[in-house]
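One file, input19.tsv, is given below (TSV, C-alpha atoms).
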```tsv
chain	number	residue	atom	x	y	z
A	13	MET	CA	0.00	0.00	0.00
A	14	ILE	CA	1.67	3.20	-1.17
A	15	LEU	CA	1.13	6.61	0.40
A	16	PHE	CA	1.83	9.16	-2.34
A	17	PRO	CA	2.70	12.66	-1.09
A	18	ALA	CA	1.37	15.27	-3.50
A	19	ILE	CA	2.96	18.36	-4.97
A	20	ASP	CA	0.43	20.56	-6.76
A	21	LEU	CA	2.14	23.22	-8.85
A	22	LYS	CA	0.68	26.66	-9.49
A	23	ASP	CA	2.86	29.46	-10.89
A	24	GLY	CA	5.99	27.46	-10.00
A	25	GLU	CA	5.06	27.01	-6.33
A	26	CYS	CA	3.73	24.09	-4.25
A	27	VAL	CA	0.13	24.84	-3.36
A	28	ARG	CA	-3.09	23.14	-2.27
A	29	LEU	CA	-6.45	24.16	-3.68
A	30	LYS	CA	-9.79	23.91	-1.94
A	31	LEU	CA	-12.34	21.97	-4.01
A	32	GLY	CA	-10.31	22.52	-7.15
A	33	ASP	CA	-10.67	26.32	-7.07
A	34	MET	CA	-7.60	28.01	-8.58
A	35	ASN	CA	-8.51	31.20	-6.70
A	36	ASP	CA	-8.44	29.40	-3.35
A	37	ALA	CA	-4.81	28.26	-3.18
A	38	THR	CA	-2.53	28.03	-0.14
A	39	VAL	CA	1.21	28.20	-0.91
A	40	TYR	CA	3.19	25.65	1.12
A	41	ASN	CA	6.61	25.86	-0.47
A	42	THR	CA	8.11	28.15	-3.10
A	43	ASP	CA	10.80	25.57	-3.95
A	44	PRO	CA	9.26	22.40	-5.48
A	45	GLY	CA	12.62	20.61	-5.71
A	46	ALA	CA	13.25	21.13	-1.98
A	47	GLN	CA	9.75	19.85	-1.21
A	48	ALA	CA	10.34	16.72	-3.29
A	49	LEU	CA	13.61	16.04	-1.48
A	50	GLU	CA	11.92	16.60	1.89
A	51	PHE	CA	9.29	13.96	1.07
A	52	GLU	CA	12.05	11.55	0.07
A	53	ARG	CA	13.87	12.21	3.37
A	54	GLN	CA	10.66	11.53	5.27
A	55	GLY	CA	10.67	8.01	3.85
A	56	PHE	CA	8.15	8.17	1.02
A	57	ASP	CA	8.81	5.93	-1.99
A	58	TRP	CA	6.81	7.77	-4.65
A	59	LEU	CA	5.76	11.29	-5.56
A	60	HIS	CA	2.52	12.52	-7.14
A	61	VAL	CA	2.81	15.83	-9.02
A	62	VAL	CA	0.08	17.88	-10.69
A	63	ASP	CA	0.62	20.86	-12.99
A	64	LEU	CA	-2.51	22.80	-12.04
A	65	ASN	CA	-1.97	25.62	-14.54
A	66	GLY	CA	-1.31	22.95	-17.14
A	67	ALA	CA	-4.60	21.18	-16.45
A	68	PHE	CA	-6.48	24.38	-17.29
A	69	ALA	CA	-4.22	25.41	-20.18
A	70	GLY	CA	-4.11	21.98	-21.82
A	71	GLU	CA	-0.31	22.08	-22.03
A	72	THR	CA	2.62	21.99	-19.60
A	73	VAL	CA	3.00	25.31	-17.78
A	74	ASN	CA	5.12	24.37	-14.74
A	75	GLY	CA	7.72	22.41	-16.71
A	76	ASP	CA	10.73	24.03	-14.99
A	77	ALA	CA	9.32	23.17	-11.56
A	78	VAL	CA	8.70	19.55	-12.63
A	79	GLU	CA	12.25	19.25	-13.97
A	80	ALA	CA	13.59	20.68	-10.69
A	81	ILE	CA	11.61	17.98	-8.85
A	82	LEU	CA	12.99	15.22	-11.10
A	83	LYS	CA	16.54	16.45	-10.44
A	84	ALA	CA	15.99	16.72	-6.68
A	85	THR	CA	14.54	13.30	-5.88
A	86	LYS	CA	15.50	9.71	-6.65
A	87	ASN	CA	11.89	8.61	-6.05
A	88	PRO	CA	9.70	7.70	-9.01
A	89	VAL	CA	7.42	10.61	-9.98
A	90	GLN	CA	4.00	10.51	-11.62
A	91	LEU	CA	2.77	13.71	-13.29
A	92	GLY	CA	-0.66	14.86	-14.38
A	93	GLY	CA	-2.07	18.11	-15.73
A	94	GLY	CA	-2.18	19.28	-19.32
A	95	ILE	CA	-0.58	16.26	-20.98
A	96	ARG	CA	-2.71	15.73	-24.07
A	97	ASN	CA	-0.71	14.06	-26.87
A	98	LEU	CA	1.83	11.29	-27.58
A	99	ASP	CA	4.75	13.65	-28.25
A	100	HIS	CA	4.15	15.34	-24.94
A	101	ILE	CA	4.00	11.98	-23.14
A	102	GLU	CA	7.22	10.83	-24.79
A	103	GLU	CA	8.98	14.09	-23.97
A	104	TRP	CA	8.14	13.79	-20.26
A	105	LEU	CA	9.04	10.11	-20.02
A	106	SER	CA	12.39	10.87	-21.67
A	107	LYS	CA	13.05	13.38	-18.87
A	108	GLY	CA	12.74	10.64	-16.28
A	109	LEU	CA	9.11	10.56	-15.22
A	110	ALA	CA	7.97	7.14	-14.01
A	111	ARG	CA	4.35	7.62	-15.03
A	112	VAL	CA	2.26	10.09	-16.94
A	113	ILE	CA	-1.33	10.65	-15.77
A	114	LEU	CA	-3.89	11.32	-18.50
A	115	GLY	CA	-7.16	12.92	-17.41
A	116	THR	CA	-9.13	15.15	-19.76
A	117	ILE	CA	-7.70	13.44	-22.84
A	118	ALA	CA	-8.76	10.05	-21.43
A	119	VAL	CA	-12.37	11.26	-21.56
A	120	ARG	CA	-12.09	12.98	-24.94
A	121	ASP	CA	-9.87	10.49	-26.76
A	122	PRO	CA	-9.71	7.03	-25.13
A	123	GLN	CA	-7.96	5.72	-28.26
A	124	LEU	CA	-4.96	7.96	-27.58
A	125	VAL	CA	-4.63	6.45	-24.09
A	126	LYS	CA	-4.70	2.93	-25.51
A	127	GLN	CA	-2.08	3.86	-28.07
A	128	ALA	CA	0.09	5.43	-25.34
A	129	CYS	CA	-0.18	2.23	-23.25
A	130	LYS	CA	1.11	0.21	-26.20
A	131	GLN	CA	3.91	2.64	-26.93
A	132	PHE	CA	4.97	3.18	-23.30
A	133	PRO	CA	4.06	0.00	-21.39
A	134	GLY	CA	3.63	0.46	-17.65
A	135	LYS	CA	4.08	4.22	-17.89
A	136	ILE	CA	0.50	5.43	-18.39
A	137	ALA	CA	-1.99	6.12	-15.59
A	138	VAL	CA	-5.49	7.51	-16.01
A	139	GLY	CA	-6.87	10.21	-13.74
A	140	ILE	CA	-10.59	9.98	-13.11
A	141	ASP	CA	-11.89	13.03	-11.30
A	142	ALA	CA	-15.47	12.86	-10.05
A	143	LYS	CA	-17.86	15.63	-9.24
A	144	GLY	CA	-21.29	14.57	-8.00
A	145	GLY	CA	-20.58	11.03	-9.20
A	146	ARG	CA	-19.76	12.09	-12.79
A	147	VAL	CA	-16.41	12.46	-14.51
A	148	ALA	CA	-15.06	16.04	-14.55
A	149	VAL	CA	-12.66	17.42	-17.17
A	150	GLU	CA	-10.59	20.51	-18.11
A	151	GLY	CA	-9.01	20.99	-14.68
A	152	TRP	CA	-12.31	20.08	-13.03
A	153	ALA	CA	-14.00	23.07	-14.62
A	154	GLU	CA	-16.54	20.93	-16.51
A	155	ALA	CA	-18.57	17.85	-15.62
A	156	SER	CA	-19.32	15.24	-18.28
A	157	GLU	CA	-22.21	12.80	-18.54
A	158	LEU	CA	-19.89	9.87	-18.01
A	159	GLY	CA	-20.15	7.60	-14.96
A	160	ILE	CA	-16.96	6.69	-13.06
A	161	ILE	CA	-17.07	2.92	-13.57
A	162	GLU	CA	-18.27	3.35	-17.15
A	163	MET	CA	-15.17	5.40	-17.88
A	164	ALA	CA	-12.81	3.01	-16.08
A	165	ASN	CA	-14.23	0.08	-18.07
A	166	ARG	CA	-13.13	1.75	-21.31
A	167	PHE	CA	-9.52	1.05	-20.36
A	168	GLU	CA	-9.91	-2.49	-19.08
A	169	GLY	CA	-7.24	-4.62	-20.75
A	170	ALA	CA	-5.52	-1.63	-22.39
A	171	GLY	CA	-2.44	-1.77	-20.17
A	172	VAL	CA	-3.18	1.25	-17.94
A	173	SER	CA	-0.84	0.99	-14.93
A	174	ALA	CA	-3.17	2.73	-12.46
A	175	ILE	CA	-6.33	4.77	-12.10
A	176	ILE	CA	-6.10	7.79	-9.82
A	177	TYR	CA	-9.59	8.43	-8.55
A	178	THR	CA	-10.26	11.86	-7.05
A	179	ASP	CA	-13.50	12.90	-5.43
A	180	ILE	CA	-13.44	16.65	-6.12
A	181	ASP	CA	-16.26	17.23	-3.66
A	182	ARG	CA	-13.78	16.28	-0.93
A	183	ASP	CA	-10.48	17.55	-2.31
A	184	GLY	CA	-8.44	19.85	-0.07
A	185	ILE	CA	-11.09	20.10	2.65
A	186	LEU	CA	-9.91	17.25	4.88
A	187	THR	CA	-13.23	15.43	5.19
A	188	GLY	CA	-11.75	11.98	4.62
A	189	ILE	CA	-11.47	9.97	1.41
A	190	ASN	CA	-14.63	8.66	-0.22
A	191	TRP	CA	-13.70	5.06	0.56
A	192	ASN	CA	-17.00	3.52	-0.54
A	193	SER	CA	-16.94	4.76	-4.11
A	194	THR	CA	-13.15	4.26	-4.38
A	195	ILE	CA	-13.33	0.63	-3.27
A	196	GLU	CA	-16.42	0.07	-5.43
A	197	LEU	CA	-14.42	1.28	-8.44
A	198	ALA	CA	-11.43	-0.91	-7.53
A	199	ASN	CA	-13.70	-3.94	-7.34
A	200	ALA	CA	-15.26	-3.13	-10.72
A	201	VAL	CA	-12.02	-3.14	-12.73
A	202	SER	CA	-8.76	-5.07	-12.75
A	203	ILE	CA	-6.67	-1.87	-13.08
A	204	PRO	CA	-5.01	-0.85	-9.78
A	205	VAL	CA	-6.79	2.14	-8.18
A	206	ILE	CA	-5.20	4.95	-6.15
A	207	ALA	CA	-7.48	6.95	-3.83
A	208	SER	CA	-7.24	10.73	-3.87
A	209	GLY	CA	-9.10	13.71	-2.46
A	210	GLY	CA	-9.80	14.49	1.18
A	211	LEU	CA	-7.27	12.31	3.04
A	212	ALA	CA	-7.57	13.97	6.43
A	213	SER	CA	-6.00	12.14	9.34
A	214	LEU	CA	-4.43	8.96	10.63
A	215	ASP	CA	-7.98	7.51	10.61
A	216	ASP	CA	-7.72	7.43	6.82
A	217	ILE	CA	-4.31	5.76	7.09
A	218	HIS	CA	-5.75	3.08	9.38
A	219	ARG	CA	-8.64	2.74	6.93
A	220	MET	CA	-6.13	1.90	4.18
A	221	ASN	CA	-5.15	-1.18	6.21
A	222	GLN	CA	-8.68	-2.59	6.37
A	223	PRO	CA	-9.07	-5.84	4.40
A	224	ASP	CA	-11.52	-4.33	1.87
A	225	ALA	CA	-9.02	-1.56	1.06
A	226	ASN	CA	-6.23	-4.05	0.29
A	227	ILE	CA	-7.42	-4.03	-3.30
A	228	LEU	CA	-6.14	-0.44	-3.68
A	229	GLU	CA	-2.61	0.44	-4.80
A	230	GLY	CA	-2.54	3.30	-2.33
A	231	ALA	CA	-3.72	6.82	-1.57
A	232	ILE	CA	-2.53	10.37	-2.18
A	233	SER	CA	-2.10	12.91	0.60
A	234	GLY	CA	-1.59	16.63	0.17
A	235	ARG	CA	-2.94	19.20	2.59
A	236	ALA	CA	-2.95	16.87	5.63
A	237	LEU	CA	0.80	16.27	5.24
A	238	TYR	CA	1.58	19.96	4.73
A	239	ASP	CA	-0.60	20.99	7.68
A	240	GLY	CA	0.95	18.38	9.94
A	241	ARG	CA	-2.37	16.63	10.55
A	242	ILE	CA	-0.60	13.52	9.38
A	243	ASN	CA	2.88	12.78	10.65
A	244	ALA	CA	4.76	11.13	7.79
A	245	ALA	CA	6.77	8.73	9.98
A	246	GLN	CA	3.66	7.62	11.88
A	247	ALA	CA	1.62	7.15	8.72
A	248	LEU	CA	4.33	5.10	7.01
A	249	ALA	CA	4.82	2.99	10.14
A	250	ILE	CA	1.09	2.18	10.28
A	251	LEU	CA	1.09	1.10	6.62
A	252	ASN	CA	4.28	-0.97	7.05
A	253	GLU	CA	2.90	-2.84	10.08
A	254	HIS	CA	0.67	-4.81	7.76
A	255	HIS	CA	3.22	-5.73	5.14
```

Show this structure as C-alpha cells.
Amino acid sequence: MILFPAIDLKDGECVRLKLGDMNDATVYNTDPGAQALEFERQGFDWLHVVDLNGAFAGETVNGDAVEAILKATKNPVQLGGGIRNLDHIEEWLSKGLARVILGTIAVRDPQLVKQACKQFPGKIAVGIDAKGGRVAVEGWAEASELGIIEMANRFEGAGVSAIIYTDIDRDGILTGINWNSTIELANAVSIPVIASGGLASLDDIHRMNQPDANILEGAISGRALYDGRINAAQALAILNEHH
C-alpha cells in the first residue's frame, strides 16, 4: 500500500487548492525541488505531481518546476495536468518521469490512451476526477455525462498501470477519502486504483489497512501532510505494520 505525497504546482510554487478552485490556493513551499527532497527524506517511496496551470491550459505550464523535482529526488514521480498528446508523453518520459497521468484526454480520446499504453508499457496512468458522481474534465471546470465505472471500463485490458480516482467534492477540505466509491471502483475493474481527495488524518491511514481496502494500490495525501495533521513517519509505520 503506497502513500503518495502530492505536490500541486501553481505558478511554479507548491500549493493546495480547496475543491479545485484556482482562486483558493494556499502556498506551502516556493521551492518544489526542496519539497520533493523533503518527502524523500521523510521516507516516502513515490511522488505525485500535478501541474494545475497545465490542467487548465491543456499544455505543460510548470515544466521548470517539474524538472527541478525530477533532479531533486530519486523517487519515481507521476505527473498529471495538461498532458494531451503522444509527443508530450514521450517528452516527459524521456526526462525521467515514471508515469504520466492522463485525465481530460482520457475522456475525450480514449484511443490515444490505448495507443500510449502500447507505446509506453507500464508508464500510463489515467486520472478519473469525479464531481457529484460524474467524470469532470478541463481541470475540473466541466462535468461530463460519463459515470466513473463506465469510464474506467473503457480502459480495461488496455495496459493502464493505475487509475487515480479523485473525489473533487472532498479535495483539499480534509473530510476523509470517499472510501466507498473508491473501493467500489477498484472492485469493478482489474486496473489498480489509487485513492485521492480528502485524506484527512491517521484515521484514513488506518482505513487503508482494512481488508476491503487491500485491493487499492494506495492513496494520495496533500494538505494533511503539509498541515501536519498527518505525521509522515507515523503514517508510514502504520502502513508498514501490515506488510

Handout entry: Å distance separating CA of Asn221 (chain A) from CA of Ala245 (chain A), one decimal place
Key =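 Atom-to-atom, CA of Asn221 (chain A) and CA of Ala245 (chain A) are spaced 16.0 Å apart.
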
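Between CA of Ile113 (chain A) and CA of Val138 (chain A) lies a distance of 5.2 Å.
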
Find the residues of region 201-246 of chain A that sit at most 12 Å from region 162-185 of chain A; for each, write down the nearest two atoms and how far apart they are in Å, to one decimal. Count only C-alpha atoms. Sort by chain, then by number going up, and give it as JSON lines.
```
{"residue": "A:Val201", "atom": "CA", "partner": "A:Asn165", "partner_atom": "CA", "distance": 6.6}
{"residue": "A:Ser202", "atom": "CA", "partner": "A:Glu168", "partner_atom": "CA", "distance": 6.9}
{"residue": "A:Ile203", "atom": "CA", "partner": "A:Ala174", "partner_atom": "CA", "distance": 5.8}
{"residue": "A:Pro204", "atom": "CA", "partner": "A:Ala174", "partner_atom": "CA", "distance": 4.8}
{"residue": "A:Val205", "atom": "CA", "partner": "A:Ile175", "partner_atom": "CA", "distance": 4.7}
{"residue": "A:Ile206", "atom": "CA", "partner": "A:Ile176", "partner_atom": "CA", "distance": 4.7}
{"residue": "A:Ala207", "atom": "CA", "partner": "A:Tyr177", "partner_atom": "CA", "distance": 5.4}
{"residue": "A:Ser208", "atom": "CA", "partner": "A:Thr178", "partner_atom": "CA", "distance": 4.5}
{"residue": "A:Gly209", "atom": "CA", "partner": "A:Asp183", "partner_atom": "CA", "distance": 4.1}
{"residue": "A:Gly210", "atom": "CA", "partner": "A:Asp183", "partner_atom": "CA", "distance": 4.7}
{"residue": "A:Leu211", "atom": "CA", "partner": "A:Asp183", "partner_atom": "CA", "distance": 8.1}
{"residue": "A:Ala212", "atom": "CA", "partner": "A:Ile185", "partner_atom": "CA", "distance": 8.0}
{"residue": "A:Ser213", "atom": "CA", "partner": "A:Ile185", "partner_atom": "CA", "distance": 11.6}
{"residue": "A:Leu228", "atom": "CA", "partner": "A:Ala174", "partner_atom": "CA", "distance": 9.8}
{"residue": "A:Glu229", "atom": "CA", "partner": "A:Ala174", "partner_atom": "CA", "distance": 8.0}
{"residue": "A:Gly230", "atom": "CA", "partner": "A:Ile176", "partner_atom": "CA", "distance": 9.4}
{"residue": "A:Ala231", "atom": "CA", "partner": "A:Ile176", "partner_atom": "CA", "distance": 8.6}
{"residue": "A:Ile232", "atom": "CA", "partner": "A:Ile176", "partner_atom": "CA", "distance": 8.8}
{"residue": "A:Ser233", "atom": "CA", "partner": "A:Gly184", "partner_atom": "CA", "distance": 9.4}
{"residue": "A:Gly234", "atom": "CA", "partner": "A:Gly184", "partner_atom": "CA", "distance": 7.6}
{"residue": "A:Arg235", "atom": "CA", "partner": "A:Gly184", "partner_atom": "CA", "distance": 6.1}
{"residue": "A:Ala236", "atom": "CA", "partner": "A:Gly184", "partner_atom": "CA", "distance": 8.5}
{"residue": "A:Leu237", "atom": "CA", "partner": "A:Gly184", "partner_atom": "CA", "distance": 11.2}
{"residue": "A:Tyr238", "atom": "CA", "partner": "A:Gly184", "partner_atom": "CA", "distance": 11.1}
{"residue": "A:Asp239", "atom": "CA", "partner": "A:Gly184", "partner_atom": "CA", "distance": 11.1}
```

Handout entry: Distance criterion (only C-alpha atoms): nearest to Lys126 (chain A) out of A:Leu98, A:Leu15, A:Leu91, A:Ala148
Key =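 Among A:Leu98, A:Leu15, A:Leu91, A:Ala148, it is A:Leu98 that comes nearest to Lys126 (chain A).
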
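Each of A:Asp43, A:Glu79, A:Glu157, A:Glu102 was checked against Phe132 (chain A) using only C-alpha atoms; the smallest atom-to-atom distance is that of A:Glu102.
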
Exercise for the section: Rank A:Leu82, A:Ala142, A:Trp191, A:His60 by their smallest atom-to-atom distance to Gly32 (chain A), using only C-alpha atoms, and report the top residue only. Expected result: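 Checking each of A:Leu82, A:Ala142, A:Trp191, A:His60 against Gly32 (chain A), counting only C-alpha atoms, the winner is A:Ala142.
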
Handout entry: Of the listed residues A:Ile101, A:Val73, A:Leu109, A:Leu158, that which approaches Thr85 (chain A) most closely, counting all atoms listed in the file
Key =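 Closest to Thr85 (chain A), using all atoms listed in the file: A:Leu109.
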
Problem - Between CA of Gln123 (chain A) and CA of Arg96 (chain A), distance in Å (one decimal) - result: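 So the two atoms, CA of Gln123 (chain A) and CA of Arg96 (chain A), lie 12.1 Å apart.
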
Problem - Pick from A:Ile227, A:Ser193, A:Gly188, A:Ala128 nearest to Ile160 (chain A), counting only C-alpha atoms - result: A:Ser193

Fill in the blank from the handout: Thr72 (chain A) proximity check over A:Asn243, A:Gly45, A:Asp23, A:Ala110, using all atoms listed in the file: winner is A:Asp23

Exercise for the section: Do a neighbour search on region 34-41 of chain A at 12 Å with all atoms listed in the file, toss out local chain neighbours closer than 4 positions, and write the hits as JSON, numbers by chain. Expected result: {"A": [18, 19, 20, 21, 22, 23, 24, 25, 26, 27, 28, 29, 30, 45, 46, 47, 48, 50, 63, 64, 65, 66, 67, 68, 77, 151, 152, 153, 184, 185, 234, 235, 236, 237, 238, 239, 240]}
